[in-house]
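Visitor: Mind looking over this structure? Questions follow.
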Amino acid sequence: MEYRKLGKTGFTISEISLGTWQVGGKWGSVFNDDNADRIINTAIDNGINFIDTADVYSDGLSEKAVGRNVRSRSERIYVATKCGRQINPHSNSGYQPAVLVKFVEDSLKRTGLETLDLIQLHCPPTEVYYRPEIFETFDRLKEQGKILNLGVSVEKVEEALKAIEYENVTTVQIIFNLFRQRPSGLFFREAKKRDIGIIVRVPLASGLLTGKFSSATVFGSDDHRSFNRNGEAFDKGETFSGINYELGLQAVEKLKALFPGVSNIAPYALRWILNFKEISCIIPGASKPEQLVSNLSTYKVPALSDEQILSMNEIYKKYIKPEVHQRW
């Protein structure tokens, strides 16, 4: 495992960390404590020391599993969670200081931790980023010892740029992968200037960048890759990075041609992301331990050549960029 600094938090974290949206089972499936425990402990056994969760993942069961396993280990494991998505309807007016304080206190109870290493606003509406009182609320929570750091999880580059204007924002979690390259421009430059930790989510475009899907692949009705392709439930960009599934498959076939004989291109897709030194970590998820181990096999593949990187980027420019680049 390799480690990087998480911006001005000062934490030194595993560059491949763990996201827990689907911990415990396939997205949408019934949460399974035993499976969650196996995934989290496998992660820690392999040197992962940063775990990202959220209060809405499996209705709080993900937070409980993370807290339970972290408390059982002797290693220093950094726990990041998120709040805000419980607000229903999820609107700007629902974001109130007292509401957010309650969310943080509830997360502390579920995890069983005395302090949260990182609390992140969970993709709030754009208007929230223009309300200083929301961000100031977390200064009080830090003074009370309930949190160590504040971060944001964003949908759009513009939201990320606005968020880092607040001095107490230490990290930004953002979608970035071979099929979502826009953040590497202005945002990465500004984040570096301000010593902002960049946490990359959806690094494999909801599994599309494994190269294992086809037109015949069937996703369960309770899987967001089935029901949210057009943003029916939440932001479209969270599912397959917002691109048309069939178009994504075409682009993936071109990528696979760059790595003949390779059945799983995920390690190469993760390698591509880790070439950006502005990034603190990536948080691919796993619904079983084997997927986590597959993500870690990134360290077993050769470094990408300049020619390979150029070819990978050309595929993005030809197939993906016109559809998604300016949307997020």
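Chain lettering (A, B, ...) mirrors the order of the structure tokens, residue numbering begins at 1 for each chain separately, and ligand numbering begins at 1 in order of display.
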Contacts of range 292-304 of chain A at 8 Å or less, counting only C-alpha atoms, minus same-chain residues fewer than 3 places along, as a PyMOL selection string?

Guide: chain A and resi 1+16+39+42-43+266-268+270-272+284-286+288-289+308-309

Visitor: With range 177-181 of chain A as the partner and 9 Å as the cut-off, tabulate the residues of range 213-274 of chain A that qualify, each row holding the nearest pair of atoms and their distance in Å to one decimal, using only C-alpha atoms, sorted by chain and rising number, as JSON lines.

Guide:
```
{"residue": "A:Phe240", "atom": "CA", "partner": "A:Phe179", "partner_atom": "CA", "distance": 8.7}
{"residue": "A:Ser241", "atom": "CA", "partner": "A:Arg180", "partner_atom": "CA", "distance": 6.6}
{"residue": "A:Gly242", "atom": "CA", "partner": "A:Arg180", "partner_atom": "CA", "distance": 8.8}
{"residue": "A:Ile243", "atom": "CA", "partner": "A:Phe179", "partner_atom": "CA", "distance": 8.1}
{"residue": "A:Gly248", "atom": "CA", "partner": "A:Phe179", "partner_atom": "CA", "distance": 8.4}
{"residue": "A:Ala269", "atom": "CA", "partner": "A:Leu178", "partner_atom": "CA", "distance": 6.7}
{"residue": "A:Leu270", "atom": "CA", "partner": "A:Asn177", "partner_atom": "CA", "distance": 8.0}
{"residue": "A:Trp272", "atom": "CA", "partner": "A:Leu178", "partner_atom": "CA", "distance": 7.5}
{"residue": "A:Ile273", "atom": "CA", "partner": "A:Asn177", "partner_atom": "CA", "distance": 6.3}
```

Visitor: Hey, which of A:Val262, A:Ala163, A:Val169, A:Leu204 ends up closest to Leu118 in chain A? Count only C-alpha atoms.

Guide: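 Between A:Val262, A:Ala163, A:Val169, A:Leu204, the residue approaching Leu118 in chain A most closely is A:Val169.
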
Visitor: Just the residues within 10 Å of Thr12 in chain A, please, counting only C-alpha atoms, with nothing from its chain fewer than 3 positions along; format it as a list in words.

Guide: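 Returned residues: Glu2, Tyr3, Arg4, Lys5, Leu6, Gly7, Thr9, Glu15, Asn49, Phe50, Tyr78 and Ser280 of chain A.
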
Visitor: Can you write just those residues out, N, CA and C atoms, as a short mmCIF file (atom, residue, chain, number, x, y, z; two decimals), in the first residue's frame?

Guide:
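Okay, this is what ended up in part.cif:
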```
data_model
loop_
_atom_site.label_atom_id
_atom_site.label_comp_id
_atom_site.auth_asym_id
_atom_site.auth_seq_id
_atom_site.Cartn_x
_atom_site.Cartn_y
_atom_site.Cartn_z
N GLU A 2 0.46 2.24 -0.75
CA GLU A 2 1.13 3.54 -0.76
C GLU A 2 0.22 4.54 -0.03
N TYR A 3 0.83 5.58 0.53
CA TYR A 3 0.08 6.54 1.34
C TYR A 3 0.33 7.96 0.87
N ARG A 4 -0.67 8.80 1.06
CA ARG A 4 -0.58 10.21 0.68
C ARG A 4 -1.19 11.08 1.78
N LYS A 5 -0.89 12.36 1.72
CA LYS A 5 -1.40 13.31 2.69
C LYS A 5 -2.80 13.76 2.29
N LEU A 6 -3.72 13.80 3.25
CA LEU A 6 -5.09 14.24 2.99
C LEU A 6 -5.19 15.74 3.24
N GLY A 7 -4.57 16.51 2.35
CA GLY A 7 -4.67 17.96 2.43
C GLY A 7 -4.28 18.49 3.81
N THR A 9 -5.79 18.34 6.52
CA THR A 9 -6.13 17.54 7.70
C THR A 9 -4.85 17.06 8.38
N GLU A 15 -3.68 5.50 -0.36
CA GLU A 15 -4.14 6.12 -1.61
C GLU A 15 -5.27 5.32 -2.25
N ASN A 49 -6.39 2.49 5.56
CA ASN A 49 -6.60 3.15 6.85
C ASN A 49 -7.56 4.33 6.78
N PHE A 50 -8.32 4.40 5.67
CA PHE A 50 -9.31 5.47 5.50
C PHE A 50 -10.57 4.84 4.94
N TYR A 78 -8.89 6.06 9.91
CA TYR A 78 -9.60 7.33 9.79
C TYR A 78 -11.00 7.08 9.22
N SER A 280 -5.60 12.73 -3.09
CA SER A 280 -5.19 12.11 -1.83
C SER A 280 -5.51 10.62 -1.83
#
```

Visitor: Suppose you want the space between CA of Leu255 in chain A and CA of Leu209 in chain A; what is it in Å?

Guide: 8.9 Å

Visitor: Near Phe138 in chain A, within 9 Å and counting only C-alpha atoms, which residues show up once chain neighbours fewer than 2 positions away are dropped, as a ChimeraX atom specification?

Guide: /A:97,100-101,119,134-136,140-143,147,149-150,168

Visitor: Between CA of Ile282 in chain A and CA of Arg131 in chain A, what distance in Å does the model show, to one decimal?

Guide: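 Atom-to-atom, CA of Ile282 in chain A to CA of Arg131 in chain A, that is 28.6 Å.
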
Visitor: Please extract the residues of range 123-169 of chain A with a backbone DSSP assignment of helix (DSSP H, G or I) and present them as a ChimeraX atom specification.

Guide: /A:126-130,132-143,157-163

Visitor: Using only C-alpha atoms, which residue out of A:Val104, A:Cys83, A:Ala98, A:Val252 lies closest to Asn264 in chain A?

Guide: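 Checking each of A:Val104, A:Cys83, A:Ala98, A:Val252 against Asn264 in chain A, counting only C-alpha atoms, the winner is A:Val252.
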
Visitor: Which residues are close to Asp37 in chain A, i.e. within 10 Å by only C-alpha atoms, leaving aside same-chain residues fewer than 6 positions away? Reply as JSON, numbers by chain.

Guide: {"A": [23, 24, 43, 65, 66, 68, 69, 70, 289]}

Visitor: Quick one: write out the picked residues with N, CA and C atoms as a PDB file, in the first residue's frame?

Guide:
```pdb
ATOM      1  N   VAL A  23     -21.164  -1.696   0.763  1.00  0.00           N
ATOM      2  CA  VAL A  23     -20.659  -2.688   1.712  1.00  0.00           C
ATOM      3  C   VAL A  23     -21.828  -3.502   2.283  1.00  0.00           C
ATOM      4  N   GLY A  24     -21.629  -4.808   2.337  1.00  0.00           N
ATOM      5  CA  GLY A  24     -22.661  -5.685   2.893  1.00  0.00           C
ATOM      6  C   GLY A  24     -23.487  -6.377   1.832  1.00  0.00           C
ATOM      7  N   ALA A  43      -9.990  -4.955   4.138  1.00  0.00           N
ATOM      8  CA  ALA A  43      -9.402  -3.658   3.789  1.00  0.00           C
ATOM      9  C   ALA A  43      -8.295  -3.287   4.770  1.00  0.00           C
ATOM     10  N   ALA A  65     -21.511  -0.660  10.929  1.00  0.00           N
ATOM     11  CA  ALA A  65     -20.510  -1.672  10.593  1.00  0.00           C
ATOM     12  C   ALA A  65     -19.104  -1.080  10.615  1.00  0.00           C
ATOM     13  N   VAL A  66     -18.958   0.109  10.062  1.00  0.00           N
ATOM     14  CA  VAL A  66     -17.644   0.756  10.057  1.00  0.00           C
ATOM     15  C   VAL A  66     -17.179   1.002  11.487  1.00  0.00           C
ATOM     16  N   ARG A  68     -18.156  -0.414  14.284  1.00  0.00           N
ATOM     17  CA  ARG A  68     -17.955  -1.671  15.003  1.00  0.00           C
ATOM     18  C   ARG A  68     -16.583  -2.274  14.692  1.00  0.00           C
ATOM     19  N   ASN A  69     -16.232  -2.279  13.421  1.00  0.00           N
ATOM     20  CA  ASN A  69     -14.970  -2.898  13.030  1.00  0.00           C
ATOM     21  C   ASN A  69     -13.764  -2.021  13.354  1.00  0.00           C
ATOM     22  N   VAL A  70     -13.907  -0.730  13.183  1.00  0.00           N
ATOM     23  CA  VAL A  70     -12.796   0.160  13.519  1.00  0.00           C
ATOM     24  C   VAL A  70     -12.486   0.096  15.019  1.00  0.00           C
ATOM     25  N   PRO A 289     -15.362  -9.207  -0.466  1.00  0.00           N
ATOM     26  CA  PRO A 289     -13.915  -9.037  -0.289  1.00  0.00           C
ATOM     27  C   PRO A 289     -13.114  -9.211  -1.565  1.00  0.00           C
TER      28      PRO A 289
END
```

Visitor: Which residue gives the smallest distance to Val128 in chain A among A:Ala54, A:Ile315, A:Leu116, A:Val154, with only C-alpha atoms counted?

Guide: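 The closest residue to Val128 in chain A is A:Val154.
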
Visitor: Go through range 177-316 of chain A and collect every residue that DSSP, computed from the backbone, puts in strand (DSSP E); the answer should be as a list of chain:residue names.

Guide: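 Matching residues, listed in order: A:Gly197, A:Ile198, A:Ile199, A:Val200, A:Arg201, A:Cys281, A:Ile282.
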
Visitor: Taking only C-alpha atoms into account, which of A:Leu186, A:Ala216, A:Leu258, A:Ile48 comes nearest Ser305 in chain A?

Guide: A:Leu258

Visitor: Taking 6 positions as the minimum chain separation for residues in the same chain, which residues sit within 10 Å of His224 in chain A when counting only C-alpha atoms? Answer as a PyMOL selection string.

Guide: chain A and resi 27-28+206+231-234+236+238-240

Visitor: Could the residues in this selection be saved with C-alpha atoms as a CSV table (one decimal), in the first residue's frame?

Guide:
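Below you can see selection31.csv, which holds the result:
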```csv
chain,number,residue,atom,x,y,z
A,27,TRP,CA,-26.3,-2.2,-4.3
A,28,GLY,CA,-29.9,-2.3,-3.2
A,206,SER,CA,-20.1,2.2,-11.3
A,231,GLY,CA,-31.4,10.5,-12.8
A,232,GLU,CA,-34.7,9.2,-11.7
A,233,ALA,CA,-33.7,8.8,-8.0
A,234,PHE,CA,-30.6,11.1,-7.6
A,236,LYS,CA,-27.6,11.1,-13.0
A,238,GLU,CA,-23.6,9.1,-9.9
A,239,THR,CA,-24.6,6.2,-12.2
A,240,PHE,CA,-22.0,5.2,-14.9
```

Visitor: Find, counting only C-alpha atoms, the residue in A:Glu105, A:Asp139, A:Glu278, A:Glu127 that gets nearest to Val200 in chain A.

Guide: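 Comparing A:Glu105, A:Asp139, A:Glu278, A:Glu127 against Val200 in chain A, the winner is A:Glu278.
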